[in-house]
$ cat upload.txt   # compact mmCIF, C-alpha atoms and all ligand atoms
# COMPACT_ATOMS: atom_id res chain seq x y z
CA MET A 1 -31.12 57.92 -59.17
CA LYS A 2 -31.65 59.61 -55.81
CA ARG A 3 -28.75 61.79 -54.82
CA PHE A 4 -28.02 61.45 -51.14
CA ILE A 5 -26.71 64.24 -48.98
CA ASN A 6 -23.08 63.54 -48.25
CA ILE A 7 -21.11 65.77 -45.91
CA ALA A 8 -17.33 65.39 -45.74
CA ILE A 9 -15.54 66.68 -42.66
CA ASP A 10 -11.80 66.38 -43.01
CA GLY A 11 -8.95 67.74 -40.93
CA PRO A 12 -6.09 66.84 -38.64
CA ALA A 13 -6.26 64.83 -35.41
CA GLY A 14 -7.99 66.39 -32.44
CA ALA A 15 -9.55 69.33 -34.30
CA GLY A 16 -13.05 68.43 -33.16
CA LYS A 17 -14.19 66.73 -36.35
CA SER A 18 -16.01 63.85 -34.71
CA THR A 19 -17.79 66.04 -32.15
CA ILE A 20 -18.98 68.35 -34.92
CA ALA A 21 -19.83 65.56 -37.35
CA LYS A 22 -21.89 63.72 -34.73
CA ALA A 23 -23.82 66.87 -33.81
CA VAL A 24 -24.45 67.80 -37.45
CA ALA A 25 -25.69 64.28 -38.21
CA LYS A 26 -28.00 64.38 -35.20
CA GLU A 27 -29.37 67.78 -36.15
CA LEU A 28 -30.07 66.64 -39.72
CA GLY A 29 -31.31 63.22 -38.59
CA ILE A 30 -28.83 61.38 -40.79
CA LEU A 31 -26.08 58.81 -40.31
CA TYR A 32 -22.65 59.63 -38.90
CA LEU A 33 -19.67 57.56 -39.96
CA ASP A 34 -16.37 57.74 -38.08
CA THR A 35 -13.96 56.48 -40.75
CA GLY A 36 -10.89 56.72 -38.49
CA ALA A 37 -12.38 53.97 -36.30
CA MET A 38 -11.90 51.52 -39.16
CA TYR A 39 -8.19 52.30 -39.47
CA ARG A 40 -7.97 51.99 -35.72
CA ALA A 41 -9.65 48.55 -35.78
CA LEU A 42 -7.18 47.29 -38.36
CA ALA A 43 -4.26 48.71 -36.36
CA LEU A 44 -5.59 46.87 -33.30
CA LYS A 45 -5.55 43.59 -35.20
CA ALA A 46 -2.00 44.17 -36.42
CA ILE A 47 -0.76 45.04 -32.92
CA ARG A 48 -2.54 42.02 -31.42
CA GLU A 49 -0.81 39.78 -33.95
CA GLY A 50 2.58 41.37 -33.40
CA ILE A 51 2.62 42.93 -36.88
CA ASP A 52 4.24 46.34 -37.33
CA PRO A 53 1.53 48.66 -38.78
CA ASN A 54 4.24 50.18 -41.00
CA ASN A 55 5.15 46.90 -42.62
CA SER A 56 3.06 46.69 -45.79
CA GLU A 57 4.35 43.22 -46.67
CA ASN A 58 2.78 41.84 -43.51
CA VAL A 59 -0.22 44.19 -43.34
CA ILE A 60 -1.54 43.37 -46.84
CA PRO A 61 -2.11 39.63 -46.16
CA LEU A 62 -3.63 40.63 -42.81
CA LEU A 63 -6.02 43.00 -44.59
CA GLU A 64 -7.16 40.21 -46.88
CA ARG A 65 -8.34 38.13 -43.94
CA THR A 66 -9.99 40.98 -42.07
CA GLU A 67 -13.60 42.10 -42.02
CA ILE A 68 -14.27 45.57 -40.67
CA PHE A 69 -17.67 47.18 -40.57
CA ALA A 70 -19.54 49.85 -38.69
CA ARG A 71 -23.08 49.79 -37.31
CA ASN A 72 -24.96 52.72 -35.90
CA MET A 73 -27.01 51.92 -32.82
CA ASP A 74 -29.09 54.72 -31.32
CA GLY A 75 -26.75 57.30 -32.81
CA VAL A 76 -23.61 55.61 -31.52
CA GLN A 77 -21.18 53.95 -33.89
CA HIS A 78 -20.02 50.45 -33.10
CA THR A 79 -17.00 49.27 -35.03
CA TYR A 80 -16.57 45.54 -35.62
CA LEU A 81 -13.35 43.69 -36.27
CA ASP A 82 -14.02 40.18 -37.57
CA GLY A 83 -17.38 40.28 -35.80
CA GLU A 84 -16.01 41.56 -32.47
CA ASP A 85 -17.18 44.96 -31.26
CA VAL A 86 -13.86 46.73 -30.66
CA SER A 87 -15.28 50.24 -30.16
CA GLY A 88 -14.02 50.43 -26.59
CA LEU A 89 -10.51 49.19 -27.41
CA ILE A 90 -9.42 51.53 -30.17
CA ARG A 91 -9.12 54.85 -28.35
CA THR A 92 -5.66 54.44 -26.90
CA ASN A 93 -2.60 56.45 -27.84
CA GLU A 94 -0.86 53.34 -29.16
CA ILE A 95 -3.74 52.66 -31.54
CA SER A 96 -3.79 56.33 -32.69
CA LYS A 97 -0.21 55.99 -33.79
CA GLY A 98 -0.75 52.54 -35.32
CA ALA A 99 -3.80 53.76 -37.27
CA SER A 100 -1.85 56.67 -38.69
CA ASP A 101 0.94 54.31 -39.77
CA ILE A 102 -1.33 51.64 -41.22
CA SER A 103 -3.37 54.20 -43.15
CA ALA A 104 -0.28 55.13 -45.16
CA ILE A 105 -0.47 51.75 -46.93
CA PRO A 106 -2.45 52.30 -50.16
CA ALA A 107 -4.13 48.85 -50.15
CA VAL A 108 -5.56 49.61 -46.72
CA ARG A 109 -7.06 52.88 -47.83
CA ILE A 110 -8.41 51.41 -51.09
CA LYS A 111 -10.34 48.73 -49.20
CA LEU A 112 -11.69 50.92 -46.41
CA ALA A 113 -12.50 53.83 -48.74
CA GLN A 114 -14.55 51.53 -50.97
CA TYR A 115 -16.63 50.45 -48.00
CA GLN A 116 -17.13 54.09 -46.98
CA ARG A 117 -18.01 55.10 -50.55
CA ASP A 118 -20.66 52.37 -50.76
CA ILE A 119 -22.29 53.80 -47.62
CA ALA A 120 -22.24 57.34 -49.05
CA HIS A 121 -23.84 56.12 -52.28
CA ALA A 122 -26.63 54.39 -50.37
CA SER A 123 -27.52 56.85 -47.60
CA ASP A 124 -27.43 60.41 -46.33
CA VAL A 125 -24.29 60.56 -44.23
CA VAL A 126 -21.82 62.82 -42.44
CA MET A 127 -18.33 61.33 -42.56
CA ASP A 128 -15.24 62.52 -40.82
CA GLY A 129 -11.73 61.59 -41.81
CA ARG A 130 -8.68 62.87 -43.66
CA GLU A 131 -9.42 62.41 -47.35
CA ILE A 132 -13.20 62.04 -47.52
CA GLY A 133 -13.61 65.09 -49.76
CA SER A 134 -10.50 64.48 -51.83
CA TYR A 135 -10.59 60.73 -52.33
CA VAL A 136 -13.53 58.84 -50.82
CA ILE A 137 -16.38 60.97 -52.23
CA PRO A 138 -14.78 63.76 -54.29
CA GLU A 139 -18.12 64.43 -56.01
CA CYS A 140 -19.68 65.49 -52.70
CA ASP A 141 -20.59 69.16 -52.56
CA ASN A 142 -20.54 69.70 -48.82
CA LYS A 143 -16.87 69.68 -47.90
CA PHE A 144 -15.44 71.07 -44.69
CA TYR A 145 -11.91 71.34 -43.37
CA VAL A 146 -11.94 71.50 -39.58
CA THR A 147 -8.76 72.48 -37.82
CA ALA A 148 -7.29 74.10 -34.68
CA THR A 149 -3.81 75.00 -33.49
CA VAL A 150 -1.52 72.11 -32.53
CA ASP A 151 -1.42 73.24 -28.88
CA GLU A 152 -5.18 73.40 -28.61
CA ARG A 153 -5.51 69.96 -30.19
CA ALA A 154 -2.90 68.56 -27.80
CA ARG A 155 -4.83 69.98 -24.83
CA ARG A 156 -8.07 68.43 -26.09
CA ARG A 157 -6.49 65.01 -26.72
CA LEU A 158 -5.00 64.92 -23.21
CA LYS A 159 -8.35 65.90 -21.73
CA GLU A 160 -10.15 63.24 -23.76
CA LEU A 161 -7.65 60.54 -22.72
CA HIS A 162 -7.86 61.72 -19.11
CA GLU A 163 -11.66 61.42 -19.24
CA ARG A 164 -11.23 57.85 -20.43
CA GLY A 165 -8.98 57.15 -17.47
CA GLN A 166 -5.84 57.01 -19.61
CA ASP A 167 -3.43 59.41 -17.98
CA LEU A 168 -0.24 59.32 -20.00
CA GLY A 169 1.73 61.59 -17.72
CA LYS A 170 2.50 63.71 -20.78
CA THR A 171 2.69 67.48 -20.89
CA VAL A 172 0.79 69.51 -23.46
CA GLU A 173 4.13 70.22 -25.16
CA GLU A 174 4.95 66.51 -25.44
CA MET A 175 1.50 65.71 -26.77
CA ALA A 176 1.81 68.59 -29.26
CA VAL A 177 5.00 67.02 -30.64
CA GLU A 178 3.17 63.69 -31.13
CA ILE A 179 0.21 65.38 -32.78
CA ALA A 180 2.46 67.36 -35.10
CA GLN A 181 4.14 64.07 -36.03
CA ARG A 182 0.78 62.51 -36.87
CA ASP A 183 -0.18 65.57 -38.92
CA HIS A 184 3.05 65.19 -40.80
CA ASN A 185 2.44 61.45 -41.32
CA ASP A 186 -1.13 61.97 -42.50
CA SER A 187 -0.36 64.85 -44.84
CA THR A 188 2.86 63.64 -46.43
CA ARG A 189 1.90 60.07 -47.28
CA GLU A 190 1.92 59.55 -51.01
CA PHE A 191 -1.50 58.08 -51.49
CA ALA A 192 -4.56 60.24 -50.68
CA PRO A 193 -2.96 62.42 -48.02
CA LEU A 194 -4.72 64.87 -45.73
CA VAL A 195 -5.11 68.05 -47.78
CA ARG A 196 -7.04 71.24 -47.42
CA LEU A 197 -9.04 71.44 -50.64
CA PRO A 198 -9.68 74.90 -52.07
CA GLU A 199 -13.42 74.18 -52.20
CA ALA A 200 -13.62 72.95 -48.58
CA ILE A 201 -15.06 75.43 -46.11
CA LEU A 202 -12.53 76.15 -43.39
CA VAL A 203 -13.71 75.92 -39.78
CA ASP A 204 -10.99 76.84 -37.29
CA THR A 205 -12.25 75.61 -33.92
CA THR A 206 -9.38 76.99 -31.79
CA ASP A 207 -11.52 79.75 -30.28
CA LEU A 208 -14.97 78.31 -30.96
CA THR A 209 -17.28 76.51 -28.59
CA VAL A 210 -18.72 73.22 -29.83
CA ASP A 211 -22.07 74.90 -30.49
CA GLU A 212 -20.42 77.67 -32.51
CA ALA A 213 -18.45 75.19 -34.58
CA VAL A 214 -21.55 73.07 -35.25
CA ALA A 215 -23.51 76.19 -36.23
CA ALA A 216 -20.70 77.21 -38.59
CA VAL A 217 -21.02 73.90 -40.42
CA LEU A 218 -24.82 73.72 -40.39
CA GLY A 219 -25.02 77.25 -41.76
CA ARG A 220 -23.03 76.30 -44.85
CA ILE A 221 -24.71 73.04 -45.82
CA HIS A 222 -26.50 72.89 -49.15
CA ARG A 223 -29.87 72.20 -47.67
CA GLU A 224 -31.78 71.78 -50.90
CA GLU A 225 -30.53 68.20 -50.99
CA VAL A 226 -31.75 67.31 -47.52
O1 LIG A 301 -9.59 60.30 -36.95
P1 LIG A 301 -8.73 59.31 -36.19
O2 LIG A 301 -7.77 59.94 -35.24
O3 LIG A 301 -9.58 58.26 -35.51
O4 LIG A 301 -7.88 58.55 -37.33
C1 LIG A 301 -6.86 57.64 -37.03
C2 LIG A 301 -5.87 57.58 -38.20
O5 LIG A 301 -6.48 56.95 -39.31
C3 LIG A 301 -5.37 58.92 -38.70
O6 LIG A 301 -4.13 59.29 -38.12
C4 LIG A 301 -5.22 58.74 -40.18
C5 LIG A 301 -6.11 57.59 -40.52
N1 LIG A 301 -7.32 57.97 -41.25
C6 LIG A 301 -7.23 58.09 -42.60
O7 LIG A 301 -6.15 57.95 -43.16
N2 LIG A 301 -8.33 58.37 -43.32
C7 LIG A 301 -9.51 58.56 -42.71
N3 LIG A 301 -10.59 58.82 -43.45
C8 LIG A 301 -9.62 58.47 -41.32
C9 LIG A 301 -8.49 58.18 -40.60
$ encode --input "upload.txt" --output "structure tokens"
Amino acid sequence: MKRFINIAIDGPAGAGKSTIAKAVAKELGILYLDTGAMYRALALKAIREGIDPNNSENVIPLLERTEIFARNMDGVQHTYLDGEDVSGLIRTNEISKGASDISAIPAVRIKLAQYQRDIAHASDVVMDGREIGSYVIPECDNKFYVTATVDERARRRLKELHERGQDLGKTVEEMAVEIAQRDHNDSTREFAPLVRLPEAILVDTTDLTVDEAVAAVLGRIHREEV
């Protein structure tokens, strides 16, 4: 059986995972999968239907009647919720919080992780998320943990939201508190939390440019599989 190259890029919110993962995938000419977008799509559905993303009793039946999939078009991921392309609707602060909450429900993660695993078993792929290396594809031998200080991540998130025309009127300090809360949520949930695995290569992007961070990852990939 052909062994595909699978690259897992895990880490907390706003560390630069998706920027790095996209660039690495482009450089290697392989697929990039943004797994967080799927949690975001489900959170969007819950919010639209007035369901609290924390309420597993209501989220589980919702999950059963939801189809989420991702398609890559010209290097850009489009995320579909029940056939609707929701890529442009899932980058708000409200959805970030909802996705973090909904991802704490084990049934949610089991379903979405299976979909992600099937992709990894069928193609060369760079995936970014929280538990790709620990839970989705633990057998993968290219694992990275990308992080940065909370303040730096808060600055980047505000900049990103600002660029999307979503000015929240928040200070860096306020955003840092929210980000730290999400870190706490993502790393203390019982089922498949965000962890820094001992075998994952640490890339601290606080003082790195994007190019430097991408080079740090590319330089450590087991290329014999490519
Ligand atoms: O990477 P992101 O900010 O788009 O992810 C949104 C939320 O989804 C994040 O707070 C935790 C959850 N998530 C997850 O649990 N597992 C993943 N592989 C990706 C995201």
$ residues_around --input "upload.txt" --residues "Asp124 in chain A" --least-positions-apart "2" --cutoff "6 Å" --atoms "all atoms listed in the file" --output "list in words"
Phe4, Ile5, Asn6 and Ile30 of chain A
$ atom_distance --input "upload.txt" --atom1 "CA of Arg157 in chain A" --atom2 "CA of Met175 in chain A"
8.0 Å
$ closest_residue --input "upload.txt" --among "A:Met38, A:Cys140, A:Val86, A:Val195" --to "Arg109 in chain A" --atoms "all atoms listed in the file"
A:Met38
$ atom_distance --input "upload.txt" --atom1 "CA of Thr35 in chain A" --atom2 "CA of Asp82 in chain A"
16.6 Å
$ closest_residue --input "upload.txt" --among "A:Lys17, A:Asp52, A:Val136, A:Lys26" --to "Asp118 in chain A" --atoms "all atoms listed in the file"
A:Val136
$ closest_residue --input "upload.txt" --among "A:Val217, A:Val203, A:Leu42, A:Val150" --to "Ser87 in chain A" --atoms "all atoms listed in the file"
A:Leu42
$ residues_around --input "upload.txt" --residues "Ile95 in chain A" --least-positions-apart "2" --cutoff "10 Å" --atoms "all atoms listed in the file" --output "PyMOL selection string"
chain A and resi 37+39-47+53+89-93+97-101
$ write_last_selection --input "upload.txt" --atoms "C-alpha atoms" --output "CSV table (one decimal), in the frame of the given file"
chain,number,residue,atom,x,y,z
A,37,ALA,CA,-12.4,54.0,-36.3
A,39,TYR,CA,-8.2,52.3,-39.5
A,40,ARG,CA,-8.0,52.0,-35.7
A,41,ALA,CA,-9.6,48.6,-35.8
A,42,LEU,CA,-7.2,47.3,-38.4
A,43,ALA,CA,-4.3,48.7,-36.4
A,44,LEU,CA,-5.6,46.9,-33.3
A,45,LYS,CA,-5.6,43.6,-35.2
A,46,ALA,CA,-2.0,44.2,-36.4
A,47,ILE,CA,-0.8,45.0,-32.9
A,53,PRO,CA,1.5,48.7,-38.8
A,89,LEU,CA,-10.5,49.2,-27.4
A,90,ILE,CA,-9.4,51.5,-30.2
A,91,ARG,CA,-9.1,54.8,-28.4
A,92,THR,CA,-5.7,54.4,-26.9
A,93,ASN,CA,-2.6,56.4,-27.8
A,97,LYS,CA,-0.2,56.0,-33.8
A,98,GLY,CA,-0.8,52.5,-35.3
A,99,ALA,CA,-3.8,53.8,-37.3
A,100,SER,CA,-1.8,56.7,-38.7
A,101,ASP,CA,0.9,54.3,-39.8
$ residues_around --input "upload.txt" --residues "Ala148 in chain A" --least-positions-apart "6" --cutoff "6 Å" --atoms "all atoms listed in the file" --output "ChimeraX atom specification"
/A:15,204-206
$ closest_residue --input "upload.txt" --among "A:Ala180, A:Leu161, A:Val108, A:Ile132" --to "Leu197 in chain A" --atoms "only C-alpha atoms"
A:Ile132
$ residues_around --input "upload.txt" --residues "Lys22 in chain A" --least-positions-apart "5" --cutoff "9 Å" --atoms "all atoms listed in the file" --output "list in words"
Lys17, Glu27, Leu31, Tyr32, Leu33, Asp34, Gly75, Val76, Val126 and Met127 of chain A
$ closest_residue --input "upload.txt" --among "A:Pro198, A:Gly129, A:Pro193, A:Gly29" --to "Ile9 in chain A" --atoms "all atoms listed in the file"
A:Gly129
$ closest_residue --input "upload.txt" --among "A:Ala215, A:Ala13, A:Leu62, A:Leu81" --to "Glu152 in chain A" --atoms "only C-alpha atoms"
A:Ala13
$ residues_around --input "upload.txt" --residues "Val177 in chain A" --least-positions-apart "6" --cutoff "12 Å" --atoms "only C-alpha atoms" --output "PyMOL selection string"
chain A and resi 150-151+153-155+170-171+183-184
$ write_last_selection --input "upload.txt" --atoms "C-alpha atoms" --output "mmCIF file, in the frame of the given file"
data_model
loop_
_atom_site.group_PDB
_atom_site.id
_atom_site.type_symbol
_atom_site.label_atom_id
_atom_site.label_comp_id
_atom_site.auth_asym_id
_atom_site.auth_seq_id
_atom_site.Cartn_x
_atom_site.Cartn_y
_atom_site.Cartn_z
ATOM 1 C CA VAL A 150 -1.520 72.110 -32.530
ATOM 2 C CA ASP A 151 -1.420 73.240 -28.880
ATOM 3 C CA ARG A 153 -5.510 69.960 -30.190
ATOM 4 C CA ALA A 154 -2.900 68.560 -27.800
ATOM 5 C CA ARG A 155 -4.830 69.980 -24.830
ATOM 6 C CA LYS A 170 2.500 63.710 -20.780
ATOM 7 C CA THR A 171 2.690 67.480 -20.890
ATOM 8 C CA ASP A 183 -0.180 65.570 -38.920
ATOM 9 C CA HIS A 184 3.050 65.190 -40.800
#
$ atom_distance --input "upload.txt" --atom1 "CA of Asn72 in chain A" --atom2 "atom O3 of ligand LIG 301 (chain A)"
16.4 Å
$ residues_near_point --input "upload.txt" --point "(-3.5, 56.7, -53.4)" --cutoff "8 Å" --atoms "all atoms listed in the file" --output "ChimeraX atom specification"
/A:106,109-110,190-193
$ axis_aligned_box --input "upload.txt" --around "range 58-65 of chain A" --padding-each-side "6 Å" --output "lines of an AutoDock Vina configuration file"
center_x = -2.8
center_y = 41.2
center_z = -44.8
size_x = 23.1
size_y = 18.1
size_z = 16.1
$ decode --input "upload.txt" --residues "range 55-134 of chain A" --atoms "C-alpha atoms" --output "compact mmCIF listing (two decimals), in the first residue's frame"
# COMPACT_ATOMS: atom_id res chain seq x y z
CA ASN A 55 -24.99 21.80 24.72
CA SER A 56 -24.08 18.26 23.66
CA GLU A 57 -27.66 17.02 24.00
CA ASN A 58 -28.74 19.39 21.24
CA VAL A 59 -25.52 19.34 19.22
CA ILE A 60 -25.41 15.54 18.76
CA PRO A 61 -28.75 15.30 16.87
CA LEU A 62 -27.66 18.34 14.86
CA LEU A 63 -24.41 16.58 13.94
CA GLU A 64 -26.34 13.57 12.68
CA ARG A 65 -28.18 15.67 10.13
CA THR A 66 -25.17 17.66 8.99
CA GLU A 67 -22.85 17.11 6.05
CA ILE A 68 -19.54 18.94 6.15
CA PHE A 69 -16.86 18.59 3.55
CA ALA A 70 -13.92 20.50 2.15
CA ARG A 71 -12.88 20.99 -1.47
CA ASN A 72 -9.65 22.49 -2.66
CA MET A 73 -10.01 24.80 -5.64
CA ASP A 74 -6.85 26.32 -7.09
CA GLY A 75 -5.11 25.96 -3.74
CA VAL A 76 -7.94 27.57 -1.79
CA GLN A 77 -10.07 25.53 0.57
CA HIS A 78 -13.83 25.83 0.31
CA THR A 79 -15.78 24.45 3.22
CA TYR A 80 -19.32 23.22 2.61
CA LEU A 81 -22.11 22.96 5.14
CA ASP A 82 -24.99 20.86 3.80
CA GLY A 83 -23.90 21.80 0.30
CA GLU A 84 -23.58 25.53 0.98
CA ASP A 85 -20.14 27.12 0.65
CA VAL A 86 -19.75 28.81 4.03
CA SER A 87 -16.04 29.67 3.70
CA GLY A 88 -16.72 33.40 3.88
CA LEU A 89 -19.03 33.16 6.91
CA ILE A 90 -16.92 31.27 9.42
CA ARG A 91 -14.15 33.74 10.21
CA THR A 92 -15.93 35.83 12.81
CA ASN A 93 -15.05 36.04 16.47
CA GLU A 94 -18.41 34.56 17.45
CA ILE A 95 -17.74 31.49 15.31
CA SER A 96 -14.19 31.14 16.73
CA LYS A 97 -15.65 30.84 20.19
CA GLY A 98 -18.49 28.56 19.05
CA ALA A 99 -16.05 26.25 17.23
CA SER A 100 -13.88 25.93 20.31
CA ASP A 101 -16.94 25.06 22.40
CA ILE A 102 -18.45 22.62 19.93
CA SER A 103 -15.12 20.84 19.43
CA ALA A 104 -15.13 19.83 23.10
CA ILE A 105 -18.00 17.41 22.37
CA PRO A 106 -16.42 13.99 21.66
CA ALA A 107 -19.03 12.91 19.06
CA VAL A 108 -18.20 16.01 17.03
CA ARG A 109 -14.51 15.27 17.01
CA ILE A 110 -15.03 11.56 16.25
CA LYS A 111 -17.04 12.37 13.13
CA LEU A 112 -14.85 15.16 11.80
CA ALA A 113 -11.60 13.36 12.63
CA GLN A 114 -12.75 10.29 10.69
CA TYR A 115 -13.34 12.42 7.62
CA GLN A 116 -9.90 14.02 8.01
CA ARG A 117 -8.25 10.62 8.55
CA ASP A 118 -9.82 9.27 5.36
CA ILE A 119 -8.27 12.17 3.43
CA ALA A 120 -4.84 11.54 4.99
CA HIS A 121 -5.04 7.86 4.08
CA ALA A 122 -5.86 8.68 0.46
CA SER A 123 -3.58 11.61 -0.36
CA ASP A 124 -0.46 13.57 0.47
CA VAL A 125 -1.67 16.32 2.77
CA VAL A 126 -0.65 19.05 5.20
CA MET A 127 -3.26 19.43 7.93
CA ASP A 128 -3.46 22.04 10.61
CA GLY A 129 -5.45 21.71 13.78
CA ARG A 130 -5.14 20.91 17.47
CA GLU A 131 -4.89 17.13 17.70
CA ILE A 132 -3.87 16.03 14.22
CA GLY A 133 -0.64 14.42 15.43
CA SER A 134 -2.07 13.04 18.65
